[in-house]
>>> print(open('structure-v5.pdb').read())   # PDB, C-alpha atoms
ATOM      1  CA  MET A1445    -122.262  66.349-153.545
ATOM      2  CA  ASN A1446    -123.331  67.098-157.124
ATOM      3  CA  LEU A1447    -122.459  70.746-157.847
ATOM      4  CA  ASN A1448    -124.948  70.906-160.733
ATOM      5  CA  GLU A1449    -127.762  69.874-158.389
ATOM      6  CA  LEU A1450    -126.601  72.369-155.778
ATOM      7  CA  GLN A1451    -126.624  75.138-158.393
ATOM      8  CA  ARG A1452    -130.150  74.257-159.475
ATOM      9  CA  ALA A1453    -131.219  74.399-155.805
ATOM     10  CA  SER A1454    -129.540  77.843-155.440
ATOM     11  CA  LYS A1455    -127.137  76.475-152.865
ATOM     12  CA  VAL A1456    -124.099  77.200-155.059
ATOM     13  CA  GLY A1457    -123.695  80.298-157.170
ATOM     14  CA  ARG A1458    -121.669  81.093-160.289
ATOM     15  CA  ILE A1459    -118.240  79.442-159.986
ATOM     16  CA  GLU A1460    -115.302  81.633-161.000
ATOM     17  CA  VAL A1461    -111.924  80.130-162.068
ATOM     18  CA  ASN A1462    -108.841  82.295-162.558
ATOM     19  CA  ILE A1463    -105.854  80.420-164.024
ATOM     20  CA  LYS A1464    -102.196  81.058-164.828
ATOM     21  CA  THR A1465    -100.378  78.821-167.335
ATOM     22  CA  THR A1466     -96.640  78.242-167.720
ATOM     23  CA  SER A1467     -94.792  75.946-170.147
ATOM     24  CA  ASN A1468     -95.341  72.813-168.134
ATOM     25  CA  ALA A1469     -97.947  73.629-165.427
ATOM     26  CA  THR A1470    -101.221  75.440-164.769
ATOM     27  CA  SER A1471    -102.214  77.006-161.436
ATOM     28  CA  GLY A1472    -105.117  79.125-160.419
ATOM     29  CA  GLU A1473    -107.861  80.075-157.982
ATOM     30  CA  VAL A1474    -111.421  78.821-157.750
ATOM     31  CA  ILE A1475    -114.081  81.018-156.073
ATOM     32  CA  LEU A1476    -117.138  79.043-155.040
ATOM     33  CA  PRO A1477    -120.052  81.174-153.672
ATOM     34  CA  MET A1478    -122.354  79.144-151.452
ATOM     35  CA  SER A1479    -125.611  79.663-149.573
ATOM     36  CA  THR A1480    -125.400  76.924-146.963
ATOM     37  CA  ASP A1481    -124.484  76.557-143.319
ATOM     38  CA  ILE A1482    -120.849  76.162-142.313
ATOM     39  CA  ASP A1483    -121.139  72.378-141.942
ATOM     40  CA  VAL A1484    -122.145  71.818-145.591
ATOM     41  CA  CYS A1485    -119.600  74.393-146.751
ATOM     42  CA  ALA A1486    -116.768  72.648-144.903
ATOM     43  CA  LEU A1487    -117.847  69.246-146.248
ATOM     44  CA  ILE A1488    -117.788  70.469-149.868
ATOM     45  CA  ALA A1489    -114.412  72.180-149.336
ATOM     46  CA  ALA A1490    -112.988  68.920-147.989
ATOM     47  CA  ALA A1491    -114.436  67.019-150.972
ATOM     48  CA  ILE A1492    -112.859  69.424-153.451
ATOM     49  CA  GLU A1493    -109.497  69.115-151.714
ATOM     50  CA  ASN A1494    -109.801  65.337-152.261
ATOM     51  CA  ILE A1495    -109.888  65.742-156.091
ATOM     52  CA  ASP A1496    -106.580  64.467-157.532
ATOM     53  CA  LYS A1497    -107.244  64.506-161.302
ATOM     54  CA  VAL A1498    -108.809  66.907-163.813
ATOM     55  CA  GLY A1499    -109.091  64.949-167.033
ATOM     56  CA  PRO A1500    -105.812  63.094-167.590
ATOM     57  CA  PHE A1501    -103.809  65.543-165.474
ATOM     58  CA  ASP A1502    -102.736  65.176-161.880
ATOM     59  CA  THR A1503    -104.247  67.924-159.724
ATOM     60  CA  GLN A1504    -104.019  69.238-156.182
ATOM     61  CA  PHE A1505    -106.607  71.537-154.476
ATOM     62  CA  LYS A1506    -105.983  73.428-151.236
ATOM     63  CA  LEU A1507    -108.443  75.548-149.299
ATOM     64  CA  ASN A1508    -107.217  79.130-148.870
ATOM     65  CA  SER A1509    -110.134  80.599-146.855
ATOM     66  CA  ILE A1510    -113.841  80.582-146.085
ATOM     67  CA  ASP A1511    -115.230  84.118-145.921
ATOM     68  CA  ASP A1512    -118.674  85.167-144.641
ATOM     69  CA  ILE A1513    -119.678  87.752-147.248
ATOM     70  CA  ARG A1514    -122.853  88.649-145.326
ATOM     71  CA  ALA A1515    -120.850  89.537-142.221
ATOM     72  CA  ALA A1516    -118.540  91.727-144.305
ATOM     73  CA  LYS A1517    -121.551  93.518-145.783
ATOM     74  CA  LYS A1518    -123.033  93.982-142.316
ATOM     75  CA  ASP A1519    -119.799  95.619-141.203
ATOM     76  CA  GLU A1520    -119.945  97.972-144.201
ATOM     77  CA  ILE A1521    -123.582  98.835-143.439
ATOM     78  CA  VAL A1522    -122.827  99.570-139.782
ATOM     79  CA  LYS A1523    -119.831 101.686-140.721
ATOM     80  CA  ARG A1524    -121.904 103.693-143.202
ATOM     81  CA  ALA A1525    -124.726 104.087-140.680
ATOM     82  CA  LYS A1526    -122.282 105.566-138.171
ATOM     83  CA  GLU A1527    -121.066 108.054-140.791
ATOM     84  CA  ILE A1528    -124.649 109.088-141.593
ATOM     85  CA  LYS A1529    -125.503 109.501-137.912
ATOM     86  CA  GLN A1530    -122.403 111.565-137.188
ATOM     87  CA  ARG A1531    -122.977 113.827-140.201
ATOM     88  CA  TRP A1532    -126.657 114.320-139.312
ATOM     89  CA  ALA A1533    -125.919 114.981-135.635
ATOM     90  CA  THR A1534    -123.745 117.947-136.584
ATOM     91  CA  LYS A1535    -126.656 119.581-138.412
ATOM     92  CA  THR A1536    -129.617 119.058-136.108
ATOM     93  CA  ILE A1537    -130.725 118.223-132.581
ATOM     94  CA  SER A1538    -133.181 115.610-131.456
ATOM     95  CA  GLU A1539    -136.914 116.306-131.315
ATOM     96  CA  GLY A1540    -136.947 115.659-127.572
ATOM     97  CA  GLU A1541    -134.176 118.196-126.941
ATOM     98  CA  SER A1542    -136.004 120.722-129.121
ATOM     99  CA  MET A1543    -139.197 120.263-127.109
ATOM    100  CA  ILE A1544    -137.325 120.688-123.826
ATOM    101  CA  ASN A1545    -135.728 123.880-125.140
ATOM    102  CA  ASP A1546    -139.134 125.189-126.184
ATOM    103  CA  VAL A1547    -140.503 124.624-122.682
ATOM    104  CA  HIS A1548    -137.406 126.098-121.024
ATOM    105  CA  HIS A1549    -137.233 129.212-123.178
ATOM    106  CA  GLY A1550    -140.990 129.664-122.937
ATOM    107  CA  ASP A1551    -140.638 130.258-119.192
ATOM    108  CA  GLN A1552    -137.488 132.319-119.631
ATOM    109  CA  ALA A1553    -139.218 134.662-122.098
ATOM    110  CA  ARG A1554    -141.769 135.585-119.420
ATOM    111  CA  LEU A1555    -139.114 136.440-116.847
ATOM    112  CA  SER A1556    -137.822 139.928-116.186
ATOM    113  CA  THR A1557    -135.893 141.852-113.527
ATOM    114  CA  TYR A1558    -136.843 144.648-111.164
ATOM    115  CA  GLY A1559    -134.904 147.429-109.474
ATOM    116  CA  PRO A1560    -131.183 148.210-109.204
ATOM    117  CA  SER A1561    -130.522 144.756-107.733
ATOM    118  CA  ASN A1562    -132.129 143.074-110.769
ATOM    119  CA  LEU A1563    -134.488 140.945-108.705
ATOM    120  CA  THR A1564    -136.122 138.165-110.754
ATOM    121  CA  CYS A1565    -139.779 138.816-111.504
ATOM    122  CA  SER A1566    -142.427 137.807-114.018
ATOM    123  CA  SER A1567    -143.130 140.076-116.964
ATOM    124  CA  GLY A1568    -146.635 141.049-115.848
ATOM    125  CA  LEU A1569    -145.506 142.536-112.535
ATOM    126  CA  GLU A1570    -145.533 146.184-113.615
ATOM    127  CA  SER A1571    -149.086 146.147-114.987
ATOM    128  CA  SER A1572    -150.668 144.180-112.127
ATOM    129  CA  ASP A1573    -152.529 145.837-109.230
ATOM    130  CA  TRP A1574    -151.229 143.216-106.811
ATOM    131  CA  VAL A1575    -147.906 141.478-106.208
ATOM    132  CA  ILE A1576    -146.888 138.041-104.948
ATOM    133  CA  LEU A1577    -143.619 137.972-102.983
ATOM    134  CA  VAL A1578    -141.711 134.676-103.184
ATOM    135  CA  GLU A1579    -138.254 133.612-102.057
ATOM    136  CA  GLY A1580    -136.340 132.781-105.245
ATOM    137  CA  ARG A1581    -136.147 132.658-109.034
ATOM    138  CA  ALA A1582    -137.385 129.040-109.219
ATOM    139  CA  ASP A1583    -140.501 130.076-107.294
ATOM    140  CA  VAL A1584    -141.275 132.812-109.852
ATOM    141  CA  ILE A1585    -140.971 130.268-112.678
ATOM    142  CA  ASN A1586    -143.251 127.785-110.907
ATOM    143  CA  LEU A1587    -145.914 130.465-110.383
ATOM    144  CA  LEU A1588    -145.720 131.241-114.107
ATOM    145  CA  ARG A1589    -146.497 127.599-114.828
ATOM    146  CA  ALA A1590    -149.520 127.871-112.549
ATOM    147  CA  GLY A1591    -150.716 130.942-114.473
ATOM    148  CA  TYR A1592    -149.614 133.761-112.128
ATOM    149  CA  ASP A1593    -147.663 136.466-113.906
ATOM    150  CA  ASN A1594    -147.202 138.988-111.068
ATOM    151  CA  ALA A1595    -144.541 137.507-108.750
ATOM    152  CA  ILE A1596    -141.141 138.801-107.646
ATOM    153  CA  ALA A1597    -138.311 137.030-105.802
ATOM    154  CA  ILE A1598    -137.007 138.785-102.687
ATOM    155  CA  GLU A1599    -133.860 136.606-103.012
ATOM    156  CA  GLY A1600    -132.693 136.377 -99.427
ATOM    157  CA  ALA A1601    -133.616 137.253 -95.869
ATOM    158  CA  LYS A1602    -132.312 140.779 -96.325
ATOM    159  CA  ILE A1603    -135.144 142.672 -98.003
ATOM    160  CA  ASP A1604    -134.038 144.945-100.840
ATOM    161  CA  GLU A1605    -135.124 148.598-100.797
ATOM    162  CA  SER A1606    -136.792 148.178-104.191
ATOM    163  CA  ILE A1607    -139.197 145.636-102.624
ATOM    164  CA  LYS A1608    -140.364 148.278-100.170
ATOM    165  CA  GLU A1609    -141.014 150.756-103.000
ATOM    166  CA  LEU A1610    -142.824 148.120-105.073
ATOM    167  CA  CYS A1611    -145.124 147.041-102.232
ATOM    168  CA  ALA A1612    -145.991 150.667-101.483
ATOM    169  CA  SER A1613    -147.156 151.100-105.091
ATOM    170  CA  LYS A1614    -149.457 148.037-105.163
ATOM    171  CA  ASP A1615    -153.025 147.781-103.881
ATOM    172  CA  THR A1616    -152.484 144.290-102.459
ATOM    173  CA  VAL A1617    -149.337 142.505-101.264
ATOM    174  CA  VAL A1618    -149.293 138.701-100.944
ATOM    175  CA  ALA A1619    -146.375 136.856 -99.328
ATOM    176  CA  PHE A1620    -146.118 133.240-100.519
ATOM    177  CA  LEU A1621    -143.162 131.545 -98.826
ATOM    178  CA  ASP A1622    -141.716 128.059 -98.325
ATOM    179  CA  GLY A1623    -143.220 125.743 -95.735
ATOM    180  CA  ASP A1624    -139.948 125.250 -93.862
ATOM    181  CA  ARG A1625    -138.393 127.030 -90.876
ATOM    182  CA  SER A1626    -136.458 129.548 -92.960
ATOM    183  CA  GLY A1627    -139.690 130.568 -94.665
ATOM    184  CA  GLY A1628    -141.038 131.545 -91.252
ATOM    185  CA  PHE A1629    -138.001 133.692 -90.492
ATOM    186  CA  ILE A1630    -138.230 135.440 -93.862
ATOM    187  CA  LEU A1631    -141.931 136.134 -93.368
ATOM    188  CA  LYS A1632    -141.234 137.715 -89.982
ATOM    189  CA  GLU A1633    -138.515 139.941 -91.467
ATOM    190  CA  LEU A1634    -140.728 140.856 -94.406
ATOM    191  CA  LYS A1635    -143.636 141.916 -92.206
ATOM    192  CA  SER A1636    -141.370 144.203 -90.205
ATOM    193  CA  LEU A1637    -140.494 146.186 -93.324
ATOM    194  CA  VAL A1638    -143.483 146.126 -95.716
ATOM    195  CA  ARG A1639    -147.255 145.848 -95.580
ATOM    196  CA  VAL A1640    -148.363 142.255 -96.121
ATOM    197  CA  ASP A1641    -152.086 141.850 -96.782
ATOM    198  CA  TYR A1642    -152.074 138.045 -97.137
ATOM    199  CA  GLU A1643    -149.634 135.568 -95.580
ATOM    200  CA  LEU A1644    -149.443 132.249 -97.489
ATOM    201  CA  ARG A1645    -147.146 129.276 -96.942
ATOM    202  CA  ALA A1646    -146.375 126.149 -98.938
ATOM    203  CA  ASP A1647    -147.291 122.821 -97.357
ATOM    204  CA  ARG A1648    -145.219 121.912 -94.300
ATOM    205  CA  GLY A1649    -141.649 121.004 -95.251
ATOM    206  CA  VAL A1650    -142.252 121.795 -98.940
ATOM    207  CA  GLU A1651    -140.741 124.640-100.998
ATOM    208  CA  VAL A1652    -142.827 126.693-103.416
ATOM    209  CA  GLU A1653    -140.624 125.585-106.318
ATOM    210  CA  GLU A1654    -141.476 121.924-105.550
ATOM    211  CA  MET A1655    -145.258 122.350-105.641
ATOM    212  CA  THR A1656    -147.463 121.300-108.547
ATOM    213  CA  PRO A1657    -149.118 124.091-110.560
ATOM    214  CA  GLN A1658    -152.519 122.840-109.415
ATOM    215  CA  ARG A1659    -151.559 123.016-105.727
ATOM    216  CA  ILE A1660    -150.224 126.558-106.193
ATOM    217  CA  ASP A1661    -153.499 127.559-107.835
ATOM    218  CA  ASP A1662    -155.484 125.968-104.989
ATOM    219  CA  ILE A1663    -153.668 128.230-102.512
ATOM    220  CA  LEU A1664    -153.655 131.448-104.549
ATOM    221  CA  ARG A1665    -157.071 131.171-106.227
ATOM    222  CA  PRO A1666    -159.177 132.313-103.228
ATOM    223  CA  ILE A1667    -157.011 135.445-102.917
ATOM    224  CA  ALA A1668    -157.209 136.129-106.656
ATOM    225  CA  ASP A1669    -160.989 135.709-106.653
ATOM    226  CA  GLU A1670    -161.360 138.007-103.648
ATOM    227  CA  ILE A1671    -159.219 140.697-105.257
ATOM    228  CA  LYS A1672    -161.165 140.413-108.483
ATOM    229  CA  ALA A1673    -164.478 140.684-106.620
ATOM    230  CA  GLU A1674    -163.261 143.925-105.031
ATOM    231  CA  GLY A1675    -162.772 145.424-108.472
ATOM    232  CA  GLN A1676    -159.087 144.781-109.002
ATOM    233  CA  THR A1677    -157.841 142.757-111.963
ATOM    234  CA  PRO A1678    -154.998 140.364-111.087
ATOM    235  CA  THR A1679    -152.614 139.533-113.896
ATOM    236  CA  LEU A1680    -153.127 135.842-114.662
ATOM    237  CA  LYS A1681    -152.040 133.808-117.603
ATOM    238  CA  ASN A1682    -155.614 132.591-117.956
ATOM    239  CA  GLU A1683    -158.869 132.123-116.042
ATOM    240  CA  SER A1684    -158.612 128.346-115.473
ATOM    241  CA  ASP A1685    -159.811 127.250-112.030
ATOM    242  CA  LYS A1686    -160.850 124.072-110.179
ATOM    243  CA  PRO A1687    -163.939 123.374-112.368
ATOM    244  CA  LEU A1688    -161.734 123.422-115.488
ATOM    245  CA  ALA A1689    -159.279 121.052-113.796
ATOM    246  CA  ASP A1690    -162.121 118.695-112.875
ATOM    247  CA  LEU A1691    -163.500 118.741-116.433
ATOM    248  CA  SER A1692    -160.024 118.178-117.880
ATOM    249  CA  GLY A1693    -159.439 115.265-115.534
ATOM    250  CA  ARG A1694    -162.651 113.580-116.656
ATOM    251  CA  ILE A1695    -161.922 114.010-120.378
ATOM    252  CA  HIS A1696    -158.261 113.043-119.935
ATOM    253  CA  LYS A1697    -159.303 109.608-118.671
ATOM    254  CA  GLU A1698    -161.307 109.071-121.861
ATOM    255  CA  ILE A1699    -158.773 110.250-124.471
ATOM    256  CA  ASN A1700    -155.340 109.615-122.938
ATOM    257  CA  GLU A1701    -153.171 107.540-125.332
ATOM    258  CA  THR A1702    -155.961 107.470-127.973
ATOM    259  CA  LEU A1703    -154.584 110.279-130.216
ATOM    260  CA  GLU A1704    -158.083 111.758-130.236
ATOM    261  CA  ALA A1705    -159.651 115.134-129.467
ATOM    262  CA  VAL A1706    -162.927 116.016-127.762
ATOM    263  CA  ALA A1707    -164.883 119.256-128.264
ATOM    264  CA  LEU A1708    -167.474 120.414-125.709
ATOM    265  CA  ASP A1709    -169.988 123.244-125.670
ATOM    266  CA  SER A1710    -170.470 125.805-122.879
ATOM    267  CA  LYS A1711    -172.670 123.314-120.996
ATOM    268  CA  GLU A1712    -169.782 120.812-121.063
ATOM    269  CA  GLU A1713    -171.702 118.513-123.409
ATOM    270  CA  VAL A1714    -169.629 116.602-126.005
ATOM    271  CA  VAL A1715    -170.066 118.069-129.501
ATOM    272  CA  PHE A1716    -167.692 115.691-131.315
ATOM    273  CA  ARG A1717    -164.811 113.293-130.777
ATOM    274  CA  VAL A1718    -162.377 112.724-133.652
ATOM    275  CA  PRO A1719    -158.782 111.613-134.320
ATOM    276  CA  ILE A1720    -156.265 114.437-133.939
ATOM    277  CA  SER A1721    -155.553 114.389-137.677
ATOM    278  CA  GLU A1722    -159.149 115.449-138.364
ATOM    279  CA  ILE A1723    -159.495 118.284-135.811
ATOM    280  CA  VAL A1724    -158.800 121.275-138.060
ATOM    281  CA  ASN A1725    -161.192 120.109-140.783
ATOM    282  CA  LYS A1726    -163.869 119.338-138.189
ATOM    283  CA  LEU A1727    -163.542 122.794-136.598
ATOM    284  CA  SER A1728    -164.011 124.543-139.941
ATOM    285  CA  ASN A1729    -167.797 123.971-139.834
ATOM    286  CA  GLN A1730    -168.358 124.423-136.078
ATOM    287  CA  SER A1731    -169.320 127.510-134.081
ATOM    288  CA  ASN A1732    -170.552 126.326-130.699
ATOM    289  CA  ILE A1733    -167.349 124.981-129.173
ATOM    290  CA  ALA A1734    -166.220 126.228-125.748
ATOM    291  CA  TYR A1735    -163.624 123.587-124.787
ATOM    292  CA  LEU A1736    -161.201 121.640-126.989
ATOM    293  CA  MET A1737    -159.144 118.899-125.324
ATOM    294  CA  LEU A1738    -156.688 116.702-127.182
ATOM    295  CA  ASP A1739    -154.301 113.830-126.638
ATOM    296  CA  GLY A1740    -151.457 115.648-128.339
ATOM    297  CA  ILE A1741    -149.619 118.921-128.901
ATOM    298  CA  ILE A1742    -151.319 122.318-129.237
ATOM    299  CA  THR A1743    -150.039 123.796-132.519
ATOM    300  CA  GLN A1744    -150.491 127.139-134.260
ATOM    301  CA  ARG A1745    -152.528 125.541-137.056
ATOM    302  CA  LEU A1746    -154.858 124.045-134.466
ATOM    303  CA  LEU A1747    -155.299 127.401-132.716
ATOM    304  CA  ASN A1748    -156.161 129.140-135.974
ATOM    305  CA  GLY A1749    -158.990 126.671-136.541
ATOM    306  CA  ALA A1750    -160.091 126.808-132.899
ATOM    307  CA  ARG A1751    -160.344 130.611-132.946
ATOM    308  CA  GLN A1752    -162.626 130.513-136.004
ATOM    309  CA  ALA A1753    -164.876 128.003-134.220
ATOM    310  CA  GLY A1754    -165.203 130.259-131.165
ATOM    311  CA  VAL A1755    -163.213 127.992-128.855
ATOM    312  CA  LYS A1756    -162.219 129.604-125.542
ATOM    313  CA  TYR A1757    -160.190 126.875-123.780
ATOM    314  CA  VAL A1758    -157.648 124.550-125.437
ATOM    315  CA  ILE A1759    -156.055 121.839-123.296
ATOM    316  CA  GLY A1760    -153.439 119.328-124.468
ATOM    317  CA  HIS A1761    -150.332 117.482-123.312
ATOM    318  CA  ARG A1762    -147.848 120.073-124.606
ATOM    319  CA  ILE A1763    -147.829 123.499-126.259
ATOM    320  CA  ALA A1764    -145.677 124.043-129.345
ATOM    321  CA  LYS A1765    -143.854 127.284-130.115
ATOM    322  CA  LEU A1766    -146.646 129.680-131.124
ATOM    323  CA  THR A1767    -146.818 133.035-132.893
ATOM    324  CA  ASP A1768    -150.390 133.979-131.963
ATOM    325  CA  SER A1769    -152.658 132.681-129.191
ATOM    326  CA  GLU A1770    -154.645 135.857-128.535
ATOM    327  CA  GLY A1771    -158.205 135.300-127.357
ATOM    328  CA  LEU A1772    -157.593 131.695-126.284
ATOM    329  CA  VAL A1773    -156.835 130.149-122.909
ATOM    330  CA  LEU A1774    -154.132 127.491-123.298
ATOM    331  CA  ARG A1775    -153.307 124.943-120.625
ATOM    332  CA  THR A1776    -151.606 121.567-120.423
ATOM    333  CA  PHE A1777    -153.043 118.665-118.472
ATOM    334  CA  GLY A1778    -149.905 118.818-116.309
ATOM    335  CA  GLU A1779    -150.512 122.457-115.384
ATOM    336  CA  LEU A1780    -153.997 121.521-114.249
ATOM    337  CA  GLY A1781    -152.646 118.720-112.065
ATOM    338  CA  VAL A1782    -154.019 116.020-114.383
ATOM    339  CA  SER A1783    -151.784 113.011-115.094
TER     340      SER A1783
END
>>> encode(input="structure-v5.pdb", output="structure tokens")
Amino acid sequence: MNLNELQRASKVGRIEVNIKTTSNATSGEVILPMSTDIDVCALIAAAIENIDKVGPFDTQFKLNSIDDIRAAKKDEIVKRAKEIKQRWATKTISEGESMINDVHHGDQARLSTYGPSNLTCSSGLESSDWVILVEGRADVINLLRAGYDNAIAIEGAKIDESIKELCASKDTVVAFLDGDRSGGFILKELKSLVRVDYELRADRGVEVEEMTPQRIDDILRPIADEIKAEGQTPTLKNESDKPLADLSGRIHKEINETLEAVALDSKEEVVFRVPISEIVNKLSNQSNIAYLMLDGIITQRLLNGARQAGVKYVIGHRIAKLTDSEGLVLRTFGELGVS
């Protein structure tokens, strides 16, 4: 109970005494900062209240309050943190929301409309020698994700006149409809009005918009290859096929959650494997790279280095907003059906 000892042990801080003196009495306030638990604090407070003399004078002490200064500071910190968060939230959006917007607007930018009825189509429809007829807007978007940029939505069982004109102008017409009963009805109506060279259906009970990009490519790839072999050039986002998906699946197992990148030559032999942070520098002195696969995001800076190294295929988890990807085939592991 010796205050001097407690001060030397840093259990009691600097004691402040504020006094007021009148002609025949002195009153005041004593502030005693302590760094102890509540039990010791209460014991010392009770001991001080038991003091009845200071020198020759009668004295009385009474406890006014015990305040937890740390709790008060915590409240101030939390209050300030809320102010900072609110002020920051008005100026920016979260990284996750930004990424989602990038993906969403990336698909939207490749959408267009066709004819007086403004039927949803992909932007490569006009320049393609063949057309893929699907049921709705979501189907067109899903085909874009699979790499097919020449689809149009018929948007209902009643076939628009502009669809008839479009099909008449194309060398090949492919109908790719849902695997449910309504898809069968629509196909029958479609065939009664336009020439359909290939009839394709989604898996039984499944809609085209629900299919994975890899499954869509599995169904459409034989048609695309046949058309290409006949001398026509289908409009595809890239030339990725099943062998690329198989290669990506094998590499993905090795680098997933490692934050590393693997470069392979045209024979699919590993040229180097480095942390993502070292990719650009590593590419600066390479010239025999065909495939670059990374456990991360495909950025513009990465593509600039990849182009100089002669890379043809770049595969990652996500694709950032880019300004120039000419000459490179970009895919995500998800688009290739790799997870």
>>> resolve_selection(input="structure-v5.pdb", expression="the PyMOL selection byres ((chain A and resi 1728) around 12)", output="list of chain:residue names")
A:Glu1722, A:Ile1723, A:Val1724, A:Asn1725, A:Lys1726, A:Leu1727, A:Asn1729, A:Gln1730, A:Ser1731, A:Asn1732, A:Ile1733, A:Arg1745, A:Leu1746, A:Leu1747, A:Asn1748, A:Gly1749, A:Ala1750, A:Arg1751, A:Gln1752, A:Ala1753, A:Gly1754, A:Val1755
>>> resolve_selection(input="structure-v5.pdb", expression="the PyMOL selection byres ((chain A and resi 1504-1510) around 8)", output="compact mmCIF listing (two decimals) with C-alpha atoms, keeping the file's coordinate frame")
# COMPACT_ATOMS: atom_id res chain seq x y z
CA ALA A 1489 -114.41 72.18 -149.34
CA ILE A 1492 -112.86 69.42 -153.45
CA GLU A 1493 -109.50 69.11 -151.71
CA ASN A 1494 -109.80 65.34 -152.26
CA ILE A 1495 -109.89 65.74 -156.09
CA ASP A 1496 -106.58 64.47 -157.53
CA LYS A 1497 -107.24 64.51 -161.30
CA ASP A 1502 -102.74 65.18 -161.88
CA THR A 1503 -104.25 67.92 -159.72
CA ASP A 1511 -115.23 84.12 -145.92
CA ASP A 1512 -118.67 85.17 -144.64
>>> atom_distance(input="structure-v5.pdb", atom1="CA of Ala1707 (chain A)", atom2="CA of Leu1774 (chain A)")
14.4 Å
>>> resolve_selection(input="structure-v5.pdb", expression="the PyMOL selection byres ((chain A and resi 1757-1765) around 8)", output="compact mmCIF listing (two decimals) with C-alpha atoms, in the frame of the given file")
# COMPACT_ATOMS: atom_id res chain seq x y z
CA MET A 1543 -139.20 120.26 -127.11
CA ASP A 1546 -139.13 125.19 -126.18
CA SER A 1692 -160.02 118.18 -117.88
CA ALA A 1734 -166.22 126.23 -125.75
CA TYR A 1735 -163.62 123.59 -124.79
CA LEU A 1736 -161.20 121.64 -126.99
CA MET A 1737 -159.14 118.90 -125.32
CA LEU A 1738 -156.69 116.70 -127.18
CA ASP A 1739 -154.30 113.83 -126.64
CA GLY A 1740 -151.46 115.65 -128.34
CA ILE A 1741 -149.62 118.92 -128.90
CA ILE A 1742 -151.32 122.32 -129.24
CA THR A 1743 -150.04 123.80 -132.52
CA GLN A 1744 -150.49 127.14 -134.26
CA VAL A 1755 -163.21 127.99 -128.85
CA LYS A 1756 -162.22 129.60 -125.54
CA LEU A 1766 -146.65 129.68 -131.12
CA THR A 1767 -146.82 133.04 -132.89
CA LEU A 1772 -157.59 131.70 -126.28
CA VAL A 1773 -156.84 130.15 -122.91
CA LEU A 1774 -154.13 127.49 -123.30
CA ARG A 1775 -153.31 124.94 -120.62
CA THR A 1776 -151.61 121.57 -120.42
CA PHE A 1777 -153.04 118.66 -118.47
CA GLY A 1778 -149.90 118.82 -116.31
>>> residues_around(input="structure-v5.pdb", residues="Lys1614 (chain A)", least_positions_apart="4", cutoff="8 Å", atoms="only C-alpha atoms", output="PyMOL selection string")
chain A and resi 1573-1575+1610
>>> atom_distance(input="structure-v5.pdb", atom1="CA of Val1782 (chain A)", atom2="CA of Leu1708 (chain A)")
18.1 Å
>>> residues_around(input="structure-v5.pdb", residues="Tyr1592 (chain A)", least_positions_apart="2", cutoff="10 Å", atoms="all atoms listed in the file", output="number ranges by chain")
A: 1566, 1568-1569, 1575-1576, 1584-1590, 1594-1595, 1657, 1660-1661, 1664-1665, 1668, 1678-1682
>>> closest_residue(input="structure-v5.pdb", among="A:Leu1703, A:Lys1635, A:Glu1670, A:Asp1583", to="Glu1654 (chain A)", atoms="all atoms listed in the file")
A:Asp1583
>>> atom_distance(input="structure-v5.pdb", atom1="CA of Leu1563 (chain A)", atom2="CA of Glu1609 (chain A)")
13.1 Å
>>> closest_residue(input="structure-v5.pdb", among="A:Arg1639, A:Gly1559, A:Lys1518, A:Ile1528", to="Leu1577 (chain A)", atoms="only C-alpha atoms")
A:Arg1639
>>> residues_around(input="structure-v5.pdb", residues="Asp1622 (chain A)", least_positions_apart="3", cutoff="9 Å", atoms="only C-alpha atoms", output="list of chain:residue names")
A:Val1578, A:Glu1579, A:Arg1625, A:Ser1626, A:Gly1627, A:Gly1628, A:Leu1644, A:Arg1645, A:Ala1646, A:Asp1647, A:Arg1648, A:Gly1649, A:Val1650, A:Glu1651, A:Val1652, A:Glu1653
>>> closest_residue(input="structure-v5.pdb", among="A:Glu1599, A:Glu1460, A:Asp1483, A:Asp1685", to="Ser1561 (chain A)", atoms="all atoms listed in the file")
A:Glu1599
>>> closest_residue(input="structure-v5.pdb", among="A:Lys1464, A:Ser1769, A:Ile1699, A:Val1456", to="Leu1476 (chain A)", atoms="all atoms listed in the file")
A:Val1456
>>> residues_around(input="structure-v5.pdb", residues="Thr1557 (chain A)", least_positions_apart="5", cutoff="9 Å", atoms="only C-alpha atoms", output="list in words")
Asn1562, Leu1563, Thr1564, Cys1565, Ser1566, Ser1567 and Ile1596 of chain A
>>> decode(input="structure-v5.pdb", residues="region 1706-1711 of chain A", atoms="N, CA and C atoms", output="CSV table (one decimal), in the first residue's frame")
chain,number,residue,atom,x,y,z
A,1706,VAL,N,4.1,-19.9,-65.0
A,1706,VAL,CA,4.8,-20.9,-65.8
A,1706,VAL,C,4.8,-20.5,-67.2
A,1707,ALA,N,6.0,-20.5,-67.9
A,1707,ALA,CA,6.1,-20.3,-69.3
A,1707,ALA,C,6.5,-21.6,-70.0
A,1708,LEU,N,5.9,-21.9,-71.2
A,1708,LEU,CA,6.1,-23.1,-71.9
A,1708,LEU,C,6.4,-22.8,-73.4
A,1709,ASP,N,7.2,-23.6,-74.0
A,1709,ASP,CA,7.5,-23.4,-75.4
A,1709,ASP,C,6.4,-24.1,-76.3
A,1710,SER,N,6.6,-24.0,-77.6
A,1710,SER,CA,5.6,-24.6,-78.5
A,1710,SER,C,5.4,-26.1,-78.4
A,1711,LYS,N,6.4,-26.8,-77.8
A,1711,LYS,CA,6.3,-28.2,-77.5
A,1711,LYS,C,5.7,-28.5,-76.1
